[in-house]
Structure formats: C-alpha cells, structure tokens
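Text of upload_4.txt, listed as compact mmCIF, C-alpha atoms:
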```
# COMPACT_ATOMS: atom_id res chain seq x y z
CA MET A 121 4.65 24.56 -36.16
CA ALA A 122 3.04 21.38 -35.05
CA ILE A 123 2.35 18.81 -37.71
CA THR A 124 -1.02 17.12 -37.71
CA SER A 125 -1.12 13.47 -36.69
CA ARG A 126 -3.23 11.60 -39.24
CA GLY A 127 -6.28 10.11 -37.58
CA PHE A 128 -5.63 11.50 -34.11
CA SER A 129 -8.50 13.22 -32.35
CA GLY A 130 -7.42 13.01 -28.73
CA ARG A 131 -9.34 12.98 -25.51
CA ARG A 132 -9.95 16.50 -24.32
CA THR A 133 -10.45 17.65 -20.81
CA PRO A 134 -13.88 19.20 -20.19
CA ALA A 135 -14.12 22.78 -21.41
CA ASP A 136 -14.71 24.14 -17.91
CA VAL A 137 -11.39 22.72 -16.66
CA LYS A 138 -8.43 24.95 -17.29
CA LEU A 139 -5.11 23.14 -17.10
CA PRO A 140 -1.61 24.50 -17.71
CA PRO A 141 -0.43 23.94 -21.30
CA GLY A 142 0.49 20.36 -22.22
CA GLN A 143 -1.07 18.82 -19.08
CA TYR A 144 -3.77 16.16 -18.84
CA LEU A 145 -6.16 15.43 -16.03
CA THR A 146 -5.77 12.43 -13.75
CA THR A 147 -7.78 11.32 -10.75
CA ASP A 148 -4.99 9.00 -9.70
CA PHE A 149 -1.90 10.09 -7.77
CA PRO A 150 1.16 8.90 -9.67
CA VAL A 151 4.57 8.86 -7.99
CA LEU A 152 7.88 10.11 -9.34
CA SER A 153 11.09 9.72 -7.34
CA ALA A 154 14.70 9.14 -8.26
CA GLY A 155 15.47 6.47 -5.70
CA PRO A 156 14.05 4.25 -2.99
CA THR A 157 11.47 5.73 -0.67
CA PRO A 158 13.12 6.76 2.62
CA HIS A 159 11.24 5.70 5.73
CA VAL A 160 11.81 8.30 8.39
CA ALA A 161 10.84 7.51 11.98
CA LEU A 162 8.93 10.33 13.65
CA ASP A 163 11.16 10.25 16.75
CA LYS A 164 14.21 10.83 14.51
CA TRP A 165 12.58 13.41 12.26
CA GLU A 166 13.69 16.99 12.43
CA PHE A 167 13.33 20.09 10.33
CA THR A 168 15.85 22.91 10.33
CA ILE A 169 16.30 26.25 8.67
CA ASP A 170 19.91 27.31 8.26
CA ASP A 171 21.86 30.05 6.49
CA GLY A 172 24.64 27.79 5.23
CA THR A 173 26.76 28.20 8.34
CA GLU A 174 24.44 28.02 11.33
CA VAL A 175 21.08 26.56 12.15
CA LEU A 176 18.57 29.34 12.69
CA ARG A 177 15.57 27.27 13.75
CA ARG A 178 15.03 23.62 14.58
CA TRP A 179 11.88 21.57 15.14
CA ASN A 180 11.34 17.97 16.09
CA TRP A 181 8.10 16.23 15.12
CA LYS A 182 6.37 17.24 18.35
CA SER A 183 7.30 20.93 18.22
CA PHE A 184 6.56 21.02 14.49
CA ARG A 185 3.08 19.55 14.99
CA GLU A 186 2.35 22.07 17.73
CA LEU A 187 2.60 24.87 15.18
CA PRO A 188 -0.68 26.15 13.77
CA ALA A 189 -1.65 24.10 10.70
CA GLU A 190 -3.88 24.96 7.77
CA THR A 191 -6.03 22.97 5.38
CA ILE A 192 -5.15 23.74 1.77
CA THR A 193 -7.05 22.72 -1.36
CA VAL A 194 -4.99 23.18 -4.50
CA ASP A 195 -4.36 21.85 -8.01
CA ILE A 196 -1.04 20.08 -8.57
CA ASN A 197 0.87 19.76 -11.82
CA CYS A 198 3.62 17.24 -12.51
CA VAL A 199 6.26 17.85 -15.17
CA THR A 200 5.45 14.37 -16.52
CA ARG A 201 2.20 16.01 -17.69
CA TRP A 202 -0.48 14.89 -15.28
CA SER A 203 -2.48 17.36 -13.27
CA LYS A 204 -4.73 16.63 -10.34
CA LEU A 205 -7.38 19.11 -9.30
CA GLY A 206 -8.63 20.05 -5.88
CA THR A 207 -6.21 18.03 -3.76
CA THR A 208 -6.60 18.63 -0.03
CA TRP A 209 -3.65 18.78 2.32
CA GLU A 210 -2.93 19.82 5.87
CA GLY A 211 0.31 21.57 6.60
CA VAL A 212 2.21 24.37 8.28
CA SER A 213 2.66 27.51 6.24
CA LEU A 214 6.25 28.54 5.53
CA ASP A 215 5.19 32.00 6.73
CA THR A 216 4.75 30.43 10.17
CA LEU A 217 8.15 28.70 10.05
CA PHE A 218 9.90 31.88 8.92
CA LYS A 219 8.05 34.18 11.35
CA ASP A 220 11.05 35.20 13.46
CA ILE A 221 13.72 34.87 10.79
CA LYS A 222 15.33 37.96 9.39
CA THR A 223 17.34 37.32 6.24
CA ASP A 224 18.42 39.09 3.10
CA ALA A 225 18.99 35.77 1.29
CA GLU A 226 17.05 35.56 -1.97
CA PHE A 227 17.19 31.82 -2.62
CA ALA A 228 16.44 28.62 -0.78
CA MET A 229 17.64 25.03 -1.16
CA VAL A 230 15.04 22.65 0.20
CA ARG A 231 16.75 19.50 1.50
CA SER A 232 15.27 16.03 1.91
CA TYR A 233 15.96 12.73 3.59
CA GLY A 234 17.41 10.55 0.83
CA ASP A 235 19.63 13.41 -0.38
CA TYR A 236 17.14 15.05 -2.72
CA ALA A 237 17.27 18.83 -2.98
CA THR A 238 15.46 21.48 -4.98
CA ASN A 239 16.09 25.21 -5.29
CA LEU A 240 13.56 28.04 -5.29
CA PRO A 241 13.55 31.80 -4.95
CA LEU A 242 12.76 32.49 -1.29
CA GLU A 243 9.87 34.75 -2.26
CA ASP A 244 8.11 31.73 -3.81
CA LEU A 245 8.00 30.14 -0.36
CA MET A 246 6.48 33.18 1.34
CA ASN A 247 3.06 34.84 1.41
CA LYS A 248 0.72 31.85 1.53
CA GLN A 249 2.38 30.06 -1.38
CA ALA A 250 4.08 27.13 0.38
CA TRP A 251 3.52 24.68 3.20
CA ILE A 252 5.18 21.74 4.91
CA ALA A 253 2.36 19.24 4.44
CA PHE A 254 1.87 16.16 6.62
CA ARG A 255 -1.64 15.03 5.69
CA PHE A 256 -3.24 14.29 2.34
CA ASP A 257 -6.94 13.61 1.88
CA ASP A 258 -7.56 13.16 5.62
CA ASP A 259 -4.78 10.61 6.04
CA ASP A 260 -1.22 10.84 7.26
CA LEU A 261 0.98 11.45 4.24
CA ALA A 262 2.15 8.07 2.86
CA PRO A 263 5.92 7.55 2.53
CA GLU A 264 5.77 7.21 -1.27
CA HIS A 265 4.08 10.60 -1.46
CA GLY A 266 6.66 12.21 0.79
CA GLY A 267 5.59 11.37 4.32
CA PRO A 268 6.10 12.10 7.12
CA ALA A 269 6.22 15.61 5.63
CA ARG A 270 6.82 17.23 2.27
CA LEU A 271 7.02 20.71 0.87
CA LEU A 272 3.90 21.80 -1.00
CA VAL A 273 4.44 24.68 -3.39
CA PRO A 274 1.57 24.18 -5.80
CA HIS A 275 2.21 27.11 -8.16
CA LEU A 276 5.32 25.32 -9.49
CA TYR A 277 5.72 21.86 -11.06
CA LEU A 278 5.48 19.18 -8.40
CA TRP A 279 9.19 18.23 -8.37
CA LYS A 280 9.69 21.53 -6.49
CA SER A 281 7.40 20.19 -3.76
CA ALA A 282 10.22 18.12 -2.28
CA LYS A 283 9.19 14.92 -0.51
CA TRP A 284 10.63 13.81 2.86
CA VAL A 285 11.80 17.33 3.70
CA ARG A 286 14.34 17.82 6.46
CA GLY A 287 15.26 21.45 6.08
CA ILE A 288 15.84 24.63 4.14
CA THR A 289 19.19 26.30 3.52
CA LEU A 290 19.06 30.00 2.73
CA MET A 291 21.40 31.10 -0.08
CA HIS A 292 22.56 34.44 -1.44
CA GLU A 293 23.45 32.86 -4.77
CA ASP A 294 21.11 30.50 -6.59
CA GLN A 295 22.30 26.92 -7.04
CA PRO A 296 20.61 24.07 -8.94
CA GLY A 297 19.01 21.24 -7.00
CA PHE A 298 18.82 17.59 -8.07
CA TRP A 299 16.58 17.69 -11.14
CA GLU A 300 17.59 21.27 -11.93
CA ALA A 301 21.16 19.99 -12.48
CA LEU A 302 19.86 17.17 -14.72
CA GLY A 303 18.20 19.16 -17.46
CA TYR A 304 14.99 20.31 -15.83
CA HIS A 305 14.02 23.96 -15.69
CA ASN A 306 15.45 26.06 -12.87
CA TYR A 307 12.12 27.68 -11.94
CA GLY A 308 9.37 25.36 -13.24
CA ASP A 309 6.25 27.48 -13.77
CA PRO A 310 3.60 25.17 -15.29
CA TRP A 311 1.62 28.06 -16.79
CA ARG A 312 4.71 29.07 -18.80
CA GLU A 313 5.45 25.39 -19.48
CA GLN A 314 8.95 25.61 -18.01
CA ARG A 315 9.65 21.86 -18.06
CA TYR A 316 13.20 21.59 -19.26
CA GLU A 317 16.32 23.72 -19.36
CA GLY A 318 15.86 26.35 -22.07
CA ASP A 319 12.03 26.44 -21.98
CA MET B 183 12.24 22.27 -29.37
CA TRP B 184 10.27 19.56 -31.14
CA ARG B 185 12.06 17.34 -33.66
CA LEU B 186 10.39 15.48 -36.48
CA GLY B 187 10.74 11.73 -36.68
CA THR B 188 9.53 9.50 -39.50
CA VAL B 189 8.25 6.05 -38.68
CA VAL B 190 10.39 3.54 -40.60
CA ALA B 191 9.43 0.26 -38.92
CA LEU B 192 6.83 -1.22 -36.60
CA HIS B 193 7.17 -4.40 -34.62
CA ASP B 194 4.69 -5.93 -32.19
CA GLU B 195 6.44 -7.11 -29.03
CA THR B 196 3.27 -8.52 -27.46
CA SER B 197 -0.47 -8.25 -28.14
CA THR B 198 -0.47 -4.84 -26.44
CA ALA B 199 3.02 -3.43 -27.01
CA ARG B 200 4.65 -2.16 -30.16
CA THR B 201 8.14 -1.01 -31.01
CA ILE B 202 8.27 2.03 -33.28
CA THR B 203 11.49 2.80 -35.13
CA LEU B 204 11.91 6.45 -36.04
CA ASP B 205 14.31 8.20 -38.35
CA VAL B 206 15.19 11.51 -36.69
CA PRO B 207 17.59 13.44 -38.94
CA ASP B 208 18.61 15.97 -36.28
CA TRP B 209 18.82 13.47 -33.41
CA PRO B 210 21.74 14.60 -31.19
CA GLY B 211 22.38 11.16 -29.66
CA HIS B 212 21.32 9.85 -26.29
CA VAL B 213 22.45 7.82 -23.32
CA ALA B 214 20.85 4.47 -22.46
CA GLY B 215 17.96 4.99 -20.06
CA GLN B 216 16.80 8.35 -21.39
CA HIS B 217 13.31 9.05 -22.69
CA VAL B 218 11.52 11.21 -25.24
CA ASP B 219 8.29 13.12 -25.20
CA VAL B 220 6.06 12.24 -28.16
CA ARG B 221 3.45 14.81 -29.21
CA LEU B 222 0.35 14.14 -31.29
CA THR B 223 -1.70 16.96 -32.76
CA ALA B 224 -5.29 16.76 -33.98
CA SER B 225 -6.50 18.62 -37.07
CA ASP B 226 -7.97 21.42 -34.92
CA GLY B 227 -4.66 22.03 -33.19
CA TYR B 228 -5.40 20.10 -29.97
CA SER B 229 -2.29 18.23 -28.90
CA ALA B 230 -1.30 15.64 -26.31
CA ALA B 231 2.17 14.48 -25.33
CA ARG B 232 3.53 11.62 -23.23
CA SER B 233 6.98 10.36 -22.27
CA TYR B 234 8.35 7.06 -23.59
CA SER B 235 11.62 5.37 -22.78
CA ILE B 236 14.07 4.84 -25.61
CA ALA B 237 14.73 1.14 -26.22
CA SER B 238 17.57 1.45 -28.71
CA THR B 239 21.26 1.97 -28.15
CA PRO B 240 22.84 5.21 -29.29
CA ASN B 241 23.78 4.77 -32.98
CA PRO B 242 25.19 6.80 -35.84
CA GLU B 243 22.13 6.20 -38.04
CA LYS B 244 20.02 8.81 -36.23
CA ARG B 245 17.41 6.21 -35.50
CA ILE B 246 15.65 5.60 -32.25
CA GLU B 247 13.23 2.94 -31.12
CA ILE B 248 10.56 3.33 -28.51
CA THR B 249 8.41 0.50 -27.21
CA VAL B 250 4.94 1.60 -26.23
CA GLU B 251 2.54 -0.41 -24.06
CA ARG B 252 -1.12 0.26 -24.78
CA LEU B 253 -2.97 1.52 -21.71
CA PRO B 254 -6.67 0.63 -21.76
CA ASP B 255 -7.77 4.21 -21.04
CA GLY B 256 -4.76 5.88 -22.61
CA GLU B 257 -4.93 8.89 -24.89
CA VAL B 258 -1.64 8.61 -26.77
CA SER B 259 -0.63 4.94 -26.40
CA PRO B 260 -3.65 3.50 -28.31
CA TYR B 261 -2.76 5.73 -31.26
CA LEU B 262 0.92 4.76 -31.16
CA THR B 263 0.19 1.04 -30.86
CA GLN B 264 -2.73 0.79 -33.29
CA GLU B 265 -2.94 3.76 -35.66
CA VAL B 266 0.59 4.75 -36.53
CA ALA B 267 1.85 3.50 -39.91
CA VAL B 268 5.23 3.41 -41.60
CA GLY B 269 5.83 6.80 -43.21
CA ASP B 270 3.91 8.78 -40.57
CA ARG B 271 5.70 11.61 -38.88
CA LEU B 272 5.76 12.14 -35.12
CA GLU B 273 6.97 15.08 -33.10
CA LEU B 274 9.60 14.32 -30.48
CA ARG B 275 11.27 16.22 -27.70
CA GLY B 276 14.46 14.90 -26.20
CA PRO B 277 16.47 13.03 -25.28
CA LEU B 278 15.36 13.77 -21.71
CA GLY B 279 16.47 12.69 -18.27
CA GLY B 280 19.99 12.49 -16.91
CA TRP B 281 19.61 10.35 -13.80
CA PHE B 282 18.22 6.96 -14.79
CA VAL B 283 21.04 6.31 -17.27
CA TRP B 284 23.84 3.82 -17.77
CA ARG B 285 27.01 5.21 -19.30
CA THR B 286 29.50 3.05 -21.15
CA GLU B 287 32.29 4.26 -18.82
CA GLN B 288 30.61 2.46 -15.90
CA THR B 289 32.54 -0.74 -15.14
CA GLU B 290 30.83 -1.87 -11.91
CA PRO B 291 28.31 -4.75 -11.81
CA ILE B 292 24.86 -3.67 -12.92
CA GLN B 293 21.63 -5.00 -11.47
CA LEU B 294 18.55 -4.38 -13.57
CA ILE B 295 15.06 -5.05 -12.24
CA ALA B 296 12.10 -4.60 -14.58
CA GLY B 297 8.39 -4.82 -13.93
CA GLY B 298 6.35 -5.22 -17.14
CA SER B 299 7.10 -2.50 -19.68
CA GLY B 300 9.73 -1.16 -17.27
CA ILE B 301 12.08 -3.35 -19.30
CA VAL B 302 12.32 -0.70 -22.05
CA PRO B 303 15.00 1.66 -20.67
CA LEU B 304 16.85 -1.36 -19.21
CA MET B 305 16.92 -2.93 -22.69
CA ALA B 306 18.61 0.22 -23.96
CA MET B 307 21.27 -0.32 -21.29
CA ILE B 308 21.72 -3.99 -22.24
CA ARG B 309 22.03 -3.05 -25.91
CA SER B 310 24.35 -0.17 -25.14
CA ARG B 311 26.61 -2.48 -23.15
CA ALA B 312 26.84 -4.90 -26.08
CA ALA B 313 27.31 -2.21 -28.72
CA SER B 314 30.11 -0.50 -26.80
CA GLY B 315 32.02 -3.70 -26.08
CA SER B 316 31.73 -3.04 -22.36
CA SER B 317 32.58 -5.92 -20.06
CA ALA B 318 30.54 -4.61 -17.13
CA PRO B 319 28.62 -7.63 -15.82
CA PHE B 320 24.83 -7.25 -16.02
CA ARG B 321 22.06 -9.13 -14.28
CA LEU B 322 18.40 -8.74 -15.11
CA LEU B 323 15.43 -9.72 -12.99
CA TYR B 324 12.35 -9.31 -15.17
CA SER B 325 8.88 -9.63 -13.68
CA VAL B 326 5.95 -10.09 -16.05
CA ARG B 327 2.32 -11.20 -15.77
CA GLU B 328 2.72 -14.19 -18.06
CA PRO B 329 5.09 -15.62 -20.67
CA GLY B 330 3.26 -13.84 -23.51
CA ALA B 331 3.94 -10.46 -21.93
CA VAL B 332 7.73 -10.64 -22.30
CA PHE B 333 9.25 -7.96 -24.54
CA TYR B 334 12.42 -8.71 -26.59
CA ARG B 335 12.29 -12.38 -25.61
CA ASP B 336 14.54 -13.85 -28.32
CA GLU B 337 17.07 -11.08 -28.16
CA LEU B 338 17.33 -11.38 -24.39
CA ARG B 339 17.78 -15.13 -24.65
CA LYS B 340 20.53 -14.79 -27.24
CA ARG B 341 22.38 -12.11 -25.34
CA SER B 342 22.12 -14.09 -22.17
CA GLU B 343 23.37 -17.29 -23.85
CA ASN B 344 26.19 -15.61 -25.71
CA ASP B 345 27.98 -13.71 -23.01
CA HIS B 346 25.88 -14.08 -19.86
CA SER B 347 25.13 -10.39 -19.80
CA PRO B 348 22.57 -10.11 -18.77
CA THR B 349 22.21 -13.16 -16.63
CA LEU B 350 18.48 -13.50 -16.89
CA THR B 351 15.91 -14.34 -14.22
CA TYR B 352 12.21 -14.23 -15.04
CA ALA B 353 9.47 -13.93 -12.46
CA TYR B 354 5.84 -14.50 -13.43
CA THR B 355 3.07 -12.89 -11.43
CA ARG B 356 -0.04 -14.62 -12.90
CA ILE B 357 0.83 -17.48 -15.24
CA THR B 358 4.13 -19.35 -15.44
CA PRO B 359 5.52 -21.49 -18.26
CA LYS B 360 4.88 -25.21 -17.83
CA ASP B 361 7.01 -26.85 -15.12
CA TRP B 362 8.31 -23.51 -13.90
CA PRO B 363 9.93 -24.04 -10.49
CA ARG B 364 8.40 -21.04 -8.78
CA PRO B 365 4.64 -20.55 -8.38
CA PRO B 366 3.21 -17.37 -9.88
CA GLY B 367 3.53 -14.40 -7.59
CA ARG B 368 5.11 -11.06 -7.03
CA ILE B 369 8.84 -10.80 -6.54
CA ASP B 370 9.84 -11.17 -2.91
CA ALA B 371 12.88 -10.67 -0.72
CA SER B 372 14.25 -14.17 -1.26
CA LEU B 373 13.96 -14.00 -5.05
CA VAL B 374 15.72 -10.64 -5.14
CA ALA B 375 18.42 -11.90 -2.78
CA GLU B 376 18.92 -14.95 -5.00
CA ALA B 377 18.79 -13.26 -8.41
CA ALA B 378 20.60 -10.00 -7.68
CA TRP B 379 24.30 -9.30 -7.30
CA PRO B 380 25.48 -9.59 -3.70
CA SER B 381 25.62 -6.11 -2.22
CA LYS B 382 29.28 -6.59 -1.30
CA LEU B 383 30.09 -6.23 -5.01
CA VAL B 384 28.54 -2.74 -4.81
CA PRO B 385 26.40 -2.97 -7.93
CA THR B 386 24.54 -0.01 -9.31
CA CYS B 387 20.87 -0.97 -9.40
CA TYR B 388 18.27 0.28 -11.87
CA VAL B 389 14.64 -0.47 -11.10
CA CYS B 390 11.86 0.44 -13.51
CA GLY B 391 8.18 -0.41 -13.50
CA PRO B 392 4.84 0.55 -12.02
CA THR B 393 5.09 2.36 -8.71
CA PRO B 394 4.10 -0.47 -6.33
CA PHE B 395 6.58 -2.78 -8.07
CA VAL B 396 9.38 -0.24 -7.83
CA GLU B 397 8.59 0.48 -4.19
CA SER B 398 8.87 -3.16 -3.26
CA ALA B 399 11.87 -4.03 -5.48
CA ALA B 400 13.86 -1.03 -4.23
CA GLY B 401 12.93 -2.00 -0.68
CA PHE B 402 14.23 -5.55 -1.18
CA LEU B 403 17.47 -4.23 -2.65
CA SER B 404 17.92 -1.95 0.37
CA ALA B 405 17.19 -4.84 2.71
CA CYS B 406 19.94 -6.87 0.98
CA GLY B 407 22.42 -4.18 1.93
CA ASN B 408 22.51 -2.02 -1.18
CA GLY B 409 22.99 1.66 -0.34
CA GLN B 410 20.25 4.15 -1.14
CA ASP B 411 22.69 6.01 -3.39
CA LYS B 412 23.24 2.86 -5.48
CA ILE B 413 19.57 2.33 -6.30
CA ARG B 414 18.10 4.37 -9.13
CA THR B 415 14.41 4.18 -9.87
CA GLU B 416 12.02 5.12 -12.61
CA ARG B 417 8.32 4.78 -11.85
CA PHE B 418 5.50 5.13 -14.28
CA GLY B 419 1.81 4.80 -14.67
CA PRO B 420 -1.02 5.27 -12.27
CA THR B 421 -0.31 3.98 -8.81
CA GLY B 422 -3.46 2.12 -8.06
CA GLY B 423 -2.29 3.10 -4.59
CA ARG B 424 -4.16 4.68 -1.75
CA LYS B 425 -7.14 6.61 -3.04
```
Turn the structure described in the file into structure tokens.
Amino acid sequence: MAITSRGFSGRRTPADVKLPPGQYLTTDFPVLSAGPTPHVALDKWEFTIDDGTEVLRRWNWKSFRELPAETITVDINCVTRWSKLGTTWEGVSLDTLFKDIKTDAEFAMVRSYGDYATNLPLEDLMNKQAWIAFRFDDDDLAPEHGGPARLLVPHLYLWKSAKWVRGITLMHEDQPGFWEALGYHNYGDPWREQRYEGD
Amino acid sequence: MWRLGTVVALHDETSTARTITLDVPDWPGHVAGQHVDVRLTASDGYSAARSYSIASTPNPEKRIEITVERLPDGEVSPYLTQEVAVGDRLELRGPLGGWFVWRTEQTEPIQLIAGGSGIVPLMAMIRSRAASGSSAPFRLLYSVREPGAVFYRDELRKRSENDHSPTLTYAYTRITPKDWPRPPGRIDASLVAEAAWPSKLVPTCYVCGPTPFVESAAGFLSACGNGQDKIRTERFGPTGGRK
C-alpha cells in the first residue's frame, strides 16, 4: 500500500482527461534515445520486410512515399511517464505494407538505423493499429523524433514506436528487442502499466 | 514493486538542486548510471512518480543518494527539493535502466559529457570508479550555466587533483568565472575535440543532459570519429524543441 507523503498535494490533470495509470500530461515533446541521432539521407533510405532468410518486400523513399498515406491523430504515452494528447501524424498503414504478404509468423522485430530494435506481436501491427509515420504536426519528421520515418504504434508505450525504422523481420519465436533485453516490459501496454519486466 | 526509503540526510548542491540520502533496507544494489522512480502520494490517494538518477556509488550500507534539480513548473521536484525533511519516507522503484551504465570491469578510457544536472549519473560513475579501485582513465566535460550551478564542485576538484580521474573541463554557457579563457557559450566542436579523449583510443562516451545539449554533444563526438556504438546517451526534460 502506498504511504502518504506528508504535505504533498500534487498537480492533477483535468478530470475530463483520462490518462493511463502513472502518466502525466505534457504539451512538450520530450526525446528518449539510447545513442546519437542517426541522420539518414533519403536517397539511401530503404525499408524492407523479411522473414529472417529472405527479403519479402523492399521500398526506397520514392516507392514508399507513393503508397497511400493516412493522417492519424492519437495520444502517445512514454514509459518515462509523460503523455501527449491528440498528436497528429501522417504515415503509411502497416496494413498497406503487408497487403500482399502471406505469413504464419506471430512476432515481428522492428529494426532501425542506429541498430535499435523492438519486438511486437505481429497482430499488434495489423488492423489499423500501426503506421510508418513520416510527418508530425504538418512538418517532416525531425531526426530527433525518428525522421525520416518511424513506426507509430500508439496503443503501446512509445519505445515500441521505433525511430529511424529500416525494416521488419518476421519471427516464429518471440525475441526481446533493445530495451526489452534491458529490463523493460516485453509487451508494454500503458493501460496495464507494463513498464518494467515483471509488471 | 515499491520499496520504502527513509530520508537520512539532505544537502543543497546549488540554490535549486538538493541531494537526498535515503536508507533503503531492501536495496538490492545498483550499477553506476542507473536511476530510480520516486513516487509521492497525497492524502486522497493521488500519486505522481518521476525518474531520478542515482548519484551514489553502490555500497554495502543500503543507502542511495539522488540529486534532484527543481523544475519551475515541476510536480515532484519542488516537493523533493523544498518540502522533504529528514525522517520522511519515500517510495522508490528500482534500480532501473541497464544501458546508460558504467561497470567496474570496464577498463577502456571513459569520456563523460554532462549538461547541467546531467552530471548526476556521471558522478555515480566517477564515484564508482574511485570506490572500486579501477584505473580506467576518466575525462569529464561539464557544461553549466554559471559557476554557481556546478554540482559536487569540491568533490570533483579533489578527485581531479588527486588522481586526474576525472580530468575536468568546465564550460560555462552564460556566466564564466573571472578571467576564464573561453567566453560564455555552448560547447562546440573544437571544445569537444580538445577536451575529449582522441577517438583512436576508442573511449566509451556517456552523454547526459537536456535533449538539445545531448544532440549536439553526441554529434560532436561522432564528428571526432567516435563510433555510434561507443556513444551512450541519456536525455531528460522538455525539449524546448520544435513545437
């Protein structure tokens, strides 16, 4: 049971705002990354989907940007406890990228420039739940926020929305990504407060 | 799992930053660079938690120190820097984080770059190096607004004088000490190139501070030839960035 902190009253979020447990509201856009920000030139950028042995689909920046894009307005929740409401992005739905792919893999490792990776169940990337986003708030996505393009999977903590994405590897067996191997939760549902291993 | 810590000492580092020493009987030990979540709970059950870097070296006394900088519009930091008294109990979760850490087995040169209160986890590394008898050579580049904003000033000076680890370079962004050779300003490529280990020695670099500071410092380290995989970063606070 929580102990009471003498003299602490706190600063509540307005009653009409419902945040996941333990989160607080910010209007800023803080950054969390493990290393330097990679700067990826658009003419070198590519995005691939592979099954661990062969590449199933490949896009360069031009062919990627020719895919139908959507505008998405979502709340985002960082494991470091800030939440930001009503953020607007433009991106390509993973449903579009996976349209012609037949697979019985159940897991995905999302890979980034700069060697970051994060794992998710494949079903969390499907059915209008995930996008490869390239614009934020009517601007090209800034490098420190993951530009040229990042995964956006807003129903999980934001570390799952890998910045600087370069591809997805389909897996039959789940494997931990970068933070997942360093004590963070394997799935990361903010509404169940799955921050750390064991939550 | 939340642990209970009892405040046993308070020490003001600057006019806005305070070190809190906590006795945590079931503390499992930590590695330099890790952080804890601190949770406060109001009498009606409302609670708020934030992460703070651990400043102290791992020790058998089950004590940890955190240094908290007061944020003007903060929710938890004003309480921790102004309200908390010796004898109060705080709830803690941790230690947390397994990436931005220095382990005593590491023997390579270490480059630390701190912006403002980003010194805290780096101080844990400096203290851990000394406590373990490590001979890994450390350098610290510490950027602060003004001389009065330096945390751990005397301890850093003594450690630097005694065994040159860390070798210490200060950079002042707004106000310098009298007769300081460099005008106030942000760190730049030439200062980093001058103060940091040459990249040919393959140092591991730890950069901690506000996001714009970390972005630029990590960029300068890369430009000096340090590999992306040798630069570890910890960013905090609002960005003040775009939007």
message: For a test of reading the model, state the distance in Å between CA of Asp345 (chain B) and CA of His217 (chain B), rounded to one decimal.
response: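 Taking CA of Asp345 (chain B) and CA of His217 (chain B), their separation equals 27.1 Å.
Closest approach to chain A among B:Pro207, B:Gly297, B:Gly187, B:Gly280 is made by B:Gly280 (distances from only C-alpha atoms).
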message: Can you work out which residues from chain A touch chain B at a cut-off of 9 Å (counting only C-alpha atoms) and hand them back as an MDAnalysis selection string?
response: chainID A and resid 122:132 142:144 146 148:158 200:201 234:235 257 262 264 299 301:304 316 319
query: Please, what distance in Å, to one decimal, runs between CA of Ala375 (chain B) and CA of Tyr354 (chain B)?
result: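 Taking CA of Ala375 (chain B) and CA of Tyr354 (chain B), their separation equals 16.7 Å.
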- request: Work out how far apart CA of Arg286 (chain A) and CA of Asp259 (chain A) are and give it in Å to one decimal.
  value: 20.4 Å
Long-range neighbours of Thr203 (chain B) as number ranges by chain, 10 Å cut-off, only C-alpha atoms, 6 positions minimum in chain: B: 187-193, 237-238, 245-249, 268
- line: Min atom-atom distance to Asp258 (chain A) from the set A:Asn197, A:Thr133, A:Ser213, A:Thr207, counting only C-alpha atoms, belongs to A:Thr207
- request: For Pro242 (chain B), work out the shell of residues within 12 Å, counting all atoms listed in the file and skipping chain neighbours fewer than 5 positions away, then give it as a ChimeraX atom specification.
  value: /B:205-212,313
task: Return the single residue from B:Leu204, B:Ala371, B:Val384, B:Leu323 that is closest to Leu304 (chain B), with distances computed using only C-alpha atoms.
output: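 The answer is B:Leu323, which sits nearest to Leu304 (chain B).
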field: Distance query 10 Å from (33.6, -1.9, -5.7) using only C-alpha atoms, result as a ChimeraX atom specification
entry: /B:289-291,381-386
task: Fewer than 2 positions away in the same chain doesn't count, so skip those; otherwise give me all residues within 7 Å of region 217-228 of chain A, counting only C-alpha atoms, as a PyMOL selection string.
output: chain A and resi 213-215+230+239-242+288-294
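Near Leu278 (chain A), within 10 Å and counting all atoms listed in the file, sit Leu152, Ile196, Asn197, Cys198, Val199, Thr200, Ser203, Leu271, Leu272, Val273, Pro274, Ala282, Lys283, Gly308, Asp309 and Pro310 of chain A, not including residues fewer than 4 positions from it in the same chain.
With distances restricted to only C-alpha atoms, B:Trp379 is the closest residue to Leu294 (chain B) from B:Lys244, B:Trp379, B:Val220, B:Pro260.
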- request: Tell me which protein, DNA and RNA residues are within 10 Å of Met305 (chain B), counting only C-alpha atoms, leaving out same-chain ones fewer than 4 positions away, and put them as a PyMOL selection string.
  value: chain B and resi 214-215+235-239+294+296+300-301+309-311+322+333-334+337-338+348
